[in-house]
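Colleague: There's a structure below that I have some questions on.
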Amino acid sequence: MKEFDQFINGRFVKSTSSETTEVLNPCTEAVLSLIPRGSVADADAALAAAQAAQYAWKSLTAIERAGYLNKMASVIRDNRLTLAQTLAKEQAKVIGLAQVEIDVTADYFDYNAAWARRIEGEIIQSDRKKEHIFLHKAPIGVAVGICPWNFPFFVMARKVAPALITGNTCVIKPSCIAPNTIMEFVRMIEHIGLPNGVLNVVCGTGPVVGNALTKSPVTGIVSLTGSVLAGQRIMEAAAANITKVSLELGGKAPAIVCADANLDLAVNAVVSSRVIFSGQVCNCAERVYVEDAIYDQFMESVTKKMASVKMDDAFSEDNPDMSSLVSREQLAKVSEMVEFAKKEGAEVIVGGSRSERFTKGYFYQPTLLANVTQQMQIIQEEVFGPVLPVMRFASLDEAIALANDCEYGLTSSIFSENFNKIMYACEELQFGETYVNREHFEAIQGFHAGWKKSGLGGADGKHGMEEYLQTKVVYAQYR
Ligand code: NAD
C-alpha cells in the first residue's frame, strides 16, 4: 500500500494533521493508498509557497514556461502505462478509457504550451491625439484548482496547464476518492526542474482544505470541477475576498432523437454515451427524448444494445464497456434514485438493480427505464450512473421545451438528418454545448462551459486559457 504526503514548495512534506484517508479500488474494495486528510495549515503553506514563487514564474518568458509544460507532457507519455493502471485501479475506469485519459492529458499540456507565442493584448484607437490605449493581459496570481474524482488526471491538467502558461502559480486539491494518479505524476515530475512552489498539491476534504484554499486572500482564482453543491459553497467562501471563480458543475444532458435520425447511429451514440465510465461523466446523455413515429423502433433497438453492454473488472481482458461505480456512496445514490423512479411509476426495461454477479465492488447494472415523466426526479436530477430514462415527444418544439425544462445547462445533443431542424435546435437549446449526430465528448480546443446551475466561466481552448488572465489598460500619452 502506498502512502502520499503533501507536495508543497517542491518537496513532499508531512501534513500537520495526522489523520489520513484510505483510497480504495472500487472493483475489489482493497485499500490502495493512504493520503493525508490535510489541514488549514497545509492549505496556507501551499498558498504561501505558490505566492512566493509567482513573481519569478511570471517573469519568465511564456516560451520558457511552455518548456516546462512540454516536459510534463513527455513525462506523462513516458509513464503512460503506469499512470493508466493507477487511474484504472483507483476509480474502476476500464483500462482502455484510462489510457485515453492519460494520452489526452499529455496533449492538454502540449496544447496549452503552444499558446505561449499567441497570448495577445490589443492596441485601441484613442479619442485623444498622441495617445495609445494598450490592453495588456496579466496573470491573476495564485490559481487554486479543485478536482473531482471522475476524470481526476485530465481535470488536473485542465487547471494546471492554462494557469501555468499564463504566468500563474498553482495549488491543486485532488478529490479524496481518486488522488493517486495526480500524486504519482507529481512524484514523476520532481526531476524536471520546475521552480519550487510553482505547482503544489494538497490532499484533504472539501469543507476543510478546499474551503481554506478558497477563502484565503492569497488566492486569485478558484477553478472547481465538481457538484453544484460544492460550487455553491465555493461561491460563498470566495465572496469574502471577491475571489474569481470558474465552475464546471453537474449536468443532466438531454438527447433528442428525431424521426428522421439515423437510428443505428443514435442508439449507438446514446448508449455508449450513457455507459462510458459507468455513467459517471458530467456531459453524457442522462435522458432521451424520442419522436413518437420511431419510439417503438428506438426502444427495441436500445433495449438490445443496453442488454448487451459488458460490465466487468476494469482490468478484464474481455474489454468491458463499463465497470464498478466509484464508491459505496455512489452505488447507494444510483440505487435509491432508480428505486424512487420505480415507485413513481417508471418501468424497468433492462437492469434496474445492483449486479449480483460480483461479490465485491459497487457494480450497478446498465439500466433502461420507460414510462417516465418530465417531473420525475430521474428526469430532473443528475444520476451519475448507467441509467437511461426514455420519454417520447410529438414535435421538435415540445422536445426542446422538455430539454430546457431543467436547472442544469451543461450539454445536450440532437440526432436528425434535417439541417434546418438541427440549426433550429442548436439555437434554442439552453446548454453550453450541443452535439449533433454524435456522442458527448468535447475537444481540448473547444470551450467547455455550463449554463444555468452547470457552471460559471469555462475551460479549454483560447477562452479557457483566458480565464487565468486579467486585463489591464494603459493610456499612454506622448508628446
Ligand atoms: P464533489 O462536488 O463532491 O467534489 C469535487 C471537489 O470539490 C472535491 O475535490 C471536493 O473535495 C471539493 N469540495 C467539496 N466541497 C467543497 C467545499 N465546500 N469547498 C471547497 N471544495 C469542496 O464532486 P465529485 O463527486 O468529485 O464529482 C462529481 C460531480 O462533478 C458531478 O456532479 C459531475 O457532474 C461534476 N463534474 C462536472 C464536470 C464539468 O466539466 N462540468 C466534469 C466532471 C465532473
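Letters for chains follow the order of the C-alpha cells (A, B, ...), residue numbers begin at 1 for each chain, and ligand numbers begin at 1 in the order shown.
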Counting only C-alpha atoms and all ligand atoms, what residues are within 6 Å of ligand 1, given as a list in words?

Modeller: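 Residues lying within 6 Å of ligand 1: Ile146, Cys147, Pro148, Trp149, Asn150, Lys173, Pro174, Ser175, Thr205, Gly206, Pro207, Gly210, Asn211, Thr225, Gly226, Ser227, Ala230, Arg233, Ile234, Glu248, Leu249, Gly250, Gly251 and Cys282 of chain A.
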
Colleague: Give me the residues within 10 Å of stretch 167-171 of chain A as a compact mmCIF listing (two decimals) with N, CA, C and O atoms, in the first residue's frame, counting only C-alpha atoms and dropping any in the same chain fewer than 2 places off.

Modeller:
```txt
# COMPACT_ATOMS: atom_id res chain seq x y z
N PHE A 7 2.47 17.87 -1.34
CA PHE A 7 3.57 18.37 -2.17
C PHE A 7 3.53 19.91 -2.11
O PHE A 7 2.68 20.55 -2.71
N ILE A 8 4.47 20.45 -1.32
CA ILE A 8 4.47 21.90 -1.08
C ILE A 8 5.87 22.44 -1.28
O ILE A 8 6.84 21.92 -0.74
N ALA A 43 -3.05 23.95 3.73
CA ALA A 43 -3.55 24.79 2.63
C ALA A 43 -2.82 26.13 2.61
O ALA A 43 -2.37 26.61 1.56
N ALA A 46 0.76 25.80 1.33
CA ALA A 46 0.80 25.63 -0.14
C ALA A 46 0.56 26.97 -0.83
O ALA A 46 1.24 27.32 -1.82
N LEU A 47 -0.39 27.73 -0.32
CA LEU A 47 -0.68 29.04 -0.92
C LEU A 47 0.51 29.99 -0.76
O LEU A 47 0.85 30.74 -1.69
N ALA A 48 1.14 29.94 0.42
CA ALA A 48 2.30 30.82 0.65
C ALA A 48 3.43 30.47 -0.32
O ALA A 48 4.10 31.36 -0.88
N ALA A 49 3.64 29.17 -0.55
CA ALA A 49 4.69 28.74 -1.49
C ALA A 49 4.36 29.22 -2.91
O ALA A 49 5.24 29.72 -3.64
N ALA A 50 3.10 29.08 -3.27
CA ALA A 50 2.69 29.49 -4.62
C ALA A 50 2.85 31.01 -4.78
O ALA A 50 3.30 31.49 -5.83
N GLN A 51 2.50 31.72 -3.74
CA GLN A 51 2.60 33.19 -3.81
C GLN A 51 4.06 33.64 -3.91
O GLN A 51 4.41 34.51 -4.71
N ALA A 52 4.92 32.98 -3.13
CA ALA A 52 6.34 33.36 -3.14
C ALA A 52 6.98 33.07 -4.50
O ALA A 52 7.89 33.78 -4.93
N ALA A 53 6.49 32.04 -5.18
CA ALA A 53 7.09 31.64 -6.46
C ALA A 53 6.55 32.43 -7.65
O ALA A 53 7.14 32.39 -8.74
N GLN A 54 5.46 33.15 -7.46
CA GLN A 54 4.74 33.64 -8.63
C GLN A 54 5.47 34.76 -9.40
O GLN A 54 5.46 34.80 -10.63
N TYR A 55 6.15 35.64 -8.67
CA TYR A 55 6.80 36.76 -9.36
C TYR A 55 7.87 36.26 -10.33
O TYR A 55 7.92 36.67 -11.50
N ALA A 56 8.70 35.36 -9.83
CA ALA A 56 9.76 34.82 -10.70
C ALA A 56 9.17 34.03 -11.86
O ALA A 56 9.67 34.07 -12.99
N TRP A 57 8.10 33.31 -11.58
CA TRP A 57 7.48 32.47 -12.62
C TRP A 57 6.88 33.35 -13.74
O TRP A 57 7.09 33.11 -14.91
N LYS A 58 6.17 34.39 -13.34
CA LYS A 58 5.55 35.25 -14.37
C LYS A 58 6.63 36.04 -15.12
O LYS A 58 6.41 36.50 -16.24
N SER A 59 7.82 36.19 -14.49
CA SER A 59 8.89 36.95 -15.13
C SER A 59 9.62 36.15 -16.20
O SER A 59 10.36 36.70 -17.01
N LEU A 60 9.44 34.83 -16.17
CA LEU A 60 9.98 34.03 -17.29
C LEU A 60 9.23 34.41 -18.55
O LEU A 60 8.09 34.89 -18.48
N THR A 61 9.82 34.16 -19.70
CA THR A 61 9.05 34.36 -20.92
C THR A 61 8.04 33.22 -21.03
O THR A 61 8.25 32.13 -20.48
N ALA A 62 6.97 33.49 -21.76
CA ALA A 62 5.92 32.46 -21.89
C ALA A 62 6.51 31.20 -22.53
O ALA A 62 6.13 30.08 -22.18
N ARG A 65 8.15 29.14 -19.96
CA ARG A 65 7.15 28.40 -19.16
C ARG A 65 6.62 27.22 -19.98
O ARG A 65 6.39 26.13 -19.45
N ALA A 138 -2.64 40.08 -18.01
CA ALA A 138 -1.70 39.76 -16.93
C ALA A 138 -2.19 38.53 -16.17
O ALA A 138 -3.40 38.30 -16.07
N PRO A 139 -1.25 37.75 -15.61
CA PRO A 139 -1.69 36.62 -14.77
C PRO A 139 -2.45 37.14 -13.55
O PRO A 139 -2.23 38.27 -13.10
N ILE A 140 -3.31 36.30 -13.01
CA ILE A 140 -4.09 36.72 -11.84
C ILE A 140 -3.26 36.58 -10.57
O ILE A 140 -3.38 37.37 -9.65
N GLY A 141 -2.40 35.56 -10.51
CA GLY A 141 -1.53 35.36 -9.33
C GLY A 141 -1.48 33.90 -8.96
O GLY A 141 -0.86 33.10 -9.65
N VAL A 142 -2.20 33.55 -7.87
CA VAL A 142 -2.22 32.15 -7.43
C VAL A 142 -3.56 31.54 -7.84
O VAL A 142 -4.62 32.05 -7.48
N ALA A 143 -3.48 30.46 -8.60
CA ALA A 143 -4.69 29.76 -9.05
C ALA A 143 -4.88 28.49 -8.23
O ALA A 143 -3.94 27.70 -8.08
N VAL A 144 -6.08 28.32 -7.71
CA VAL A 144 -6.41 27.09 -6.97
C VAL A 144 -7.27 26.22 -7.87
O VAL A 144 -8.26 26.70 -8.43
N GLY A 145 -6.91 24.96 -8.01
CA GLY A 145 -7.71 24.02 -8.81
C GLY A 145 -8.24 22.92 -7.92
O GLY A 145 -7.48 22.22 -7.26
N ILE A 146 -9.56 22.80 -7.86
CA ILE A 146 -10.19 21.77 -7.01
C ILE A 146 -10.81 20.72 -7.93
O ILE A 146 -11.65 21.04 -8.77
N LYS A 159 -6.63 22.50 -15.29
CA LYS A 159 -6.43 23.65 -14.41
C LYS A 159 -4.96 24.09 -14.41
O LYS A 159 -4.65 25.28 -14.53
N VAL A 160 -4.06 23.12 -14.28
CA VAL A 160 -2.63 23.45 -14.16
C VAL A 160 -2.09 24.08 -15.45
O VAL A 160 -1.39 25.10 -15.41
N ALA A 161 -2.40 23.48 -16.60
CA ALA A 161 -1.75 23.92 -17.85
C ALA A 161 -2.10 25.37 -18.22
O ALA A 161 -1.18 26.18 -18.45
N PRO A 162 -3.38 25.76 -18.25
CA PRO A 162 -3.66 27.16 -18.58
C PRO A 162 -3.18 28.13 -17.50
O PRO A 162 -2.77 29.25 -17.79
N ALA A 163 -3.22 27.67 -16.23
CA ALA A 163 -2.75 28.55 -15.15
C ALA A 163 -1.26 28.84 -15.30
O ALA A 163 -0.83 30.00 -15.22
N LEU A 164 -0.48 27.80 -15.54
CA LEU A 164 0.98 27.99 -15.59
C LEU A 164 1.42 28.72 -16.86
O LEU A 164 2.31 29.59 -16.79
N ILE A 165 0.83 28.41 -17.98
CA ILE A 165 1.32 29.05 -19.21
C ILE A 165 1.07 30.56 -19.16
O ILE A 165 1.83 31.35 -19.72
N LYS A 173 -6.04 20.73 -5.37
CA LYS A 173 -6.59 19.82 -4.36
C LYS A 173 -7.31 18.68 -5.08
O LYS A 173 -8.36 18.88 -5.68
N PRO A 174 -6.72 17.48 -5.04
CA PRO A 174 -7.40 16.34 -5.66
C PRO A 174 -8.62 15.92 -4.84
O PRO A 174 -8.73 16.27 -3.66
N GLY A 197 7.47 25.67 -5.65
CA GLY A 197 6.30 26.48 -5.34
C GLY A 197 5.40 26.77 -6.53
O GLY A 197 4.29 27.27 -6.36
N VAL A 198 5.87 26.48 -7.74
CA VAL A 198 5.05 26.77 -8.93
C VAL A 198 3.82 25.86 -8.97
O VAL A 198 2.72 26.29 -9.32
N LEU A 199 4.02 24.60 -8.59
CA LEU A 199 2.90 23.67 -8.52
C LEU A 199 2.92 22.98 -7.16
O LEU A 199 3.93 22.40 -6.77
N ASN A 200 1.81 23.07 -6.44
CA ASN A 200 1.69 22.45 -5.13
C ASN A 200 0.42 21.60 -5.11
O ASN A 200 -0.56 21.95 -5.77
N VAL A 201 0.47 20.49 -4.38
CA VAL A 201 -0.71 19.63 -4.31
C VAL A 201 -1.01 19.31 -2.85
O VAL A 201 -0.14 18.77 -2.14
N VAL A 202 -2.22 19.65 -2.40
CA VAL A 202 -2.60 19.32 -1.02
C VAL A 202 -3.87 18.49 -1.02
O VAL A 202 -4.86 18.83 -1.65
N LEU A 213 -8.52 26.94 0.99
CA LEU A 213 -7.89 27.42 -0.25
C LEU A 213 -8.76 28.49 -0.91
O LEU A 213 -8.25 29.43 -1.52
N THR A 219 -5.44 33.70 -2.64
CA THR A 219 -5.96 33.05 -3.86
C THR A 219 -6.52 34.08 -4.84
O THR A 219 -7.33 34.92 -4.47
N GLY A 220 -6.10 33.96 -6.10
CA GLY A 220 -6.58 34.89 -7.12
C GLY A 220 -7.74 34.34 -7.91
O GLY A 220 -8.62 35.08 -8.36
N ILE A 221 -7.76 33.04 -8.14
CA ILE A 221 -8.86 32.40 -8.86
C ILE A 221 -9.01 30.98 -8.33
O ILE A 221 -8.01 30.31 -8.06
N VAL A 222 -10.27 30.55 -8.18
CA VAL A 222 -10.55 29.16 -7.82
C VAL A 222 -11.28 28.53 -8.98
O VAL A 222 -12.32 29.04 -9.41
N TYR A 468 -7.58 32.57 -16.89
CA TYR A 468 -6.49 32.74 -15.93
C TYR A 468 -5.75 34.06 -16.12
O TYR A 468 -4.69 34.27 -15.54
N LEU A 469 -6.30 34.92 -16.96
CA LEU A 469 -5.67 36.22 -17.20
C LEU A 469 -6.61 37.33 -16.73
O LEU A 469 -7.83 37.19 -16.81
```

Colleague: Which residues, written as a PDB file with N, CA and C atoms, in the first residue's frame, have at least one atom at most 10 Å from A:Val302, with only C-alpha atoms counted and residues fewer than 3 positions away on the same chain left out?

Modeller:
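Below is the file that was written, part-v1.pdb:
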```pdb
ATOM      1  N   LEU A 263     -31.083   5.902 -37.147  1.00  0.00           N
ATOM      2  CA  LEU A 263     -31.436   5.239 -35.888  1.00  0.00           C
ATOM      3  C   LEU A 263     -30.257   4.484 -35.260  1.00  0.00           C
ATOM      4  N   ASP A 264     -29.525   3.747 -36.095  1.00  0.00           N
ATOM      5  CA  ASP A 264     -28.397   2.980 -35.544  1.00  0.00           C
ATOM      6  C   ASP A 264     -27.378   3.921 -34.907  1.00  0.00           C
ATOM      7  N   ALA A 266     -27.903   6.900 -33.720  1.00  0.00           N
ATOM      8  CA  ALA A 266     -28.444   7.499 -32.494  1.00  0.00           C
ATOM      9  C   ALA A 266     -28.391   6.503 -31.335  1.00  0.00           C
ATOM     10  N   VAL A 267     -28.803   5.278 -31.580  1.00  0.00           N
ATOM     11  CA  VAL A 267     -28.831   4.278 -30.499  1.00  0.00           C
ATOM     12  C   VAL A 267     -27.411   4.009 -29.997  1.00  0.00           C
ATOM     13  N   ASN A 268     -26.493   3.796 -30.926  1.00  0.00           N
ATOM     14  CA  ASN A 268     -25.105   3.521 -30.511  1.00  0.00           C
ATOM     15  C   ASN A 268     -24.515   4.683 -29.728  1.00  0.00           C
ATOM     16  N   VAL A 270     -26.096   7.138 -28.062  1.00  0.00           N
ATOM     17  CA  VAL A 270     -26.744   7.378 -26.769  1.00  0.00           C
ATOM     18  C   VAL A 270     -26.308   6.324 -25.746  1.00  0.00           C
ATOM     19  N   VAL A 271     -26.272   5.066 -26.168  1.00  0.00           N
ATOM     20  CA  VAL A 271     -25.905   4.013 -25.205  1.00  0.00           C
ATOM     21  C   VAL A 271     -24.432   4.151 -24.805  1.00  0.00           C
ATOM     22  N   ASP A 296     -41.181   3.141 -30.857  1.00  0.00           N
ATOM     23  CA  ASP A 296     -41.157   1.676 -30.656  1.00  0.00           C
ATOM     24  C   ASP A 296     -39.882   1.064 -31.237  1.00  0.00           C
ATOM     25  N   GLN A 297     -39.547   1.529 -32.438  1.00  0.00           N
ATOM     26  CA  GLN A 297     -38.337   1.023 -33.112  1.00  0.00           C
ATOM     27  C   GLN A 297     -37.088   1.357 -32.281  1.00  0.00           C
ATOM     28  N   PHE A 298     -37.054   2.592 -31.777  1.00  0.00           N
ATOM     29  CA  PHE A 298     -35.914   3.030 -30.958  1.00  0.00           C
ATOM     30  C   PHE A 298     -35.814   2.153 -29.714  1.00  0.00           C
ATOM     31  N   MET A 299     -36.970   1.927 -29.049  1.00  0.00           N
ATOM     32  CA  MET A 299     -36.938   1.154 -27.803  1.00  0.00           C
ATOM     33  C   MET A 299     -36.467  -0.283 -28.057  1.00  0.00           C
ATOM     34  N   LYS A 305     -29.314  -3.112 -27.225  1.00  0.00           N
ATOM     35  CA  LYS A 305     -27.975  -2.530 -27.025  1.00  0.00           C
ATOM     36  C   LYS A 305     -27.638  -2.445 -25.528  1.00  0.00           C
ATOM     37  N   MET A 306     -28.574  -1.980 -24.720  1.00  0.00           N
ATOM     38  CA  MET A 306     -28.296  -1.856 -23.282  1.00  0.00           C
ATOM     39  C   MET A 306     -28.108  -3.247 -22.660  1.00  0.00           C
ATOM     40  N   ALA A 307     -28.905  -4.220 -23.145  1.00  0.00           N
ATOM     41  CA  ALA A 307     -28.809  -5.575 -22.586  1.00  0.00           C
ATOM     42  C   ALA A 307     -27.476  -6.234 -22.952  1.00  0.00           C
ATOM     43  N   SER A 308     -26.828  -5.731 -24.013  1.00  0.00           N
ATOM     44  CA  SER A 308     -25.570  -6.366 -24.428  1.00  0.00           C
ATOM     45  C   SER A 308     -24.328  -5.625 -23.898  1.00  0.00           C
ATOM     46  N   ILE A 349     -36.886  -1.639 -18.108  1.00  0.00           N
ATOM     47  CA  ILE A 349     -36.831  -2.468 -19.323  1.00  0.00           C
ATOM     48  C   ILE A 349     -35.579  -3.346 -19.281  1.00  0.00           C
ATOM     49  N   VAL A 350     -34.480  -2.787 -18.801  1.00  0.00           N
ATOM     50  CA  VAL A 350     -33.215  -3.542 -18.660  1.00  0.00           C
ATOM     51  C   VAL A 350     -32.630  -3.177 -17.293  1.00  0.00           C
ATOM     52  N   LEU A 368     -32.280   0.554 -18.291  1.00  0.00           N
ATOM     53  CA  LEU A 368     -33.110   1.310 -19.230  1.00  0.00           C
ATOM     54  C   LEU A 368     -34.493   1.464 -18.610  1.00  0.00           C
ATOM     55  N   LEU A 388     -30.591   5.006 -18.040  1.00  0.00           N
ATOM     56  CA  LEU A 388     -31.088   5.784 -19.180  1.00  0.00           C
ATOM     57  C   LEU A 388     -32.622   5.824 -19.180  1.00  0.00           C
ATOM     58  N   VAL A 390     -36.108   7.062 -20.888  1.00  0.00           N
ATOM     59  CA  VAL A 390     -36.515   7.478 -22.235  1.00  0.00           C
ATOM     60  C   VAL A 390     -37.962   7.979 -22.205  1.00  0.00           C
TER      61      VAL A 390
END
```

Colleague: Can you pull out every residue within 7 Å of A:Val474, counting only C-alpha atoms, but drop anything in the same chain fewer than 2 positions away, and send it as a list in words?

Modeller: Ile133, Phe134, Leu135, Lys472 and Ala476 of chain A

Colleague: Mind checking DSSP for stretch 190-432 of chain A and telling me the strand (DSSP E or B) residues as a PyMOL selection string?

Modeller: chain A and resi 199-201+219-225+244-248+254-257+287-291+311+322+347-350+354+364+367-370+387-393+408-409+411-415

Colleague: Taking the backbone alone, and naming residues the way the document does, which bits of stretch 202-418 of chain A are helix (DSSP H, G or I) by DSSP, as number ranges by chain?

Modeller: A: 206-215, 228-241, 263-279, 292-307, 328-343, 377-380, 396-404

Colleague: From the set A:Asn180, A:Ser395, A:Gln232, A:Thr82, which residue has the shortest atom-to-atom contact distance to A:Pro36, counting only C-alpha atoms?

Modeller: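 Checking each candidate against A:Pro36, we get A:Asn180 as the closest.
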
Colleague: Could you tell me how far atom CA of A:Asn437 sits from atom CA of A:Lys421, in Å to one decimal place?

Modeller: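 Atom CA of A:Lys421 sits 12.3 Å away from atom CA of A:Asn437.
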
Colleague: Considering only C-alpha atoms, state which residue in the set A:Glu184, A:Val281, A:Ile189, A:Met1 is at the smallest distance from A:Gln85.

Modeller: A:Glu184

Colleague: What's the 10 Å shell around A:Gly351, counting only C-alpha atoms, without same-chain residues fewer than 2 positions away, as a count of residues only?

Modeller: 15

Colleague: Would you pick out the contacts of A:Val338 at 8 Å or less, using only C-alpha atoms, so that residues sharing its chain but fewer than 3 positions from it are not included, and give the list as a compact mmCIF listing (two decimals) with N, CA and C atoms, in the first residue's frame?

Modeller:
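The resulting selection_19.txt:
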```txt
# COMPACT_ATOMS: atom_id res chain seq x y z
N VAL A 334 -27.31 5.85 -6.79
CA VAL A 334 -27.92 5.37 -8.03
C VAL A 334 -29.08 4.42 -7.71
N SER A 335 -28.84 3.50 -6.76
CA SER A 335 -29.89 2.53 -6.39
C SER A 335 -31.13 3.26 -5.88
N ALA A 341 -37.69 6.10 -8.74
CA ALA A 341 -38.33 6.20 -10.06
C ALA A 341 -39.36 5.08 -10.23
N LYS A 342 -39.00 3.87 -9.76
CA LYS A 342 -39.95 2.75 -9.86
C LYS A 342 -41.22 3.08 -9.08
N GLY A 352 -31.88 -2.36 -13.56
CA GLY A 352 -32.77 -1.84 -12.52
C GLY A 352 -32.31 -2.15 -11.11
N SER A 353 -31.11 -2.75 -10.97
CA SER A 353 -30.63 -3.02 -9.61
C SER A 353 -29.12 -3.25 -9.62
N ILE A 378 -35.87 11.29 -11.69
CA ILE A 378 -34.91 10.63 -12.58
C ILE A 378 -34.70 11.43 -13.88
```
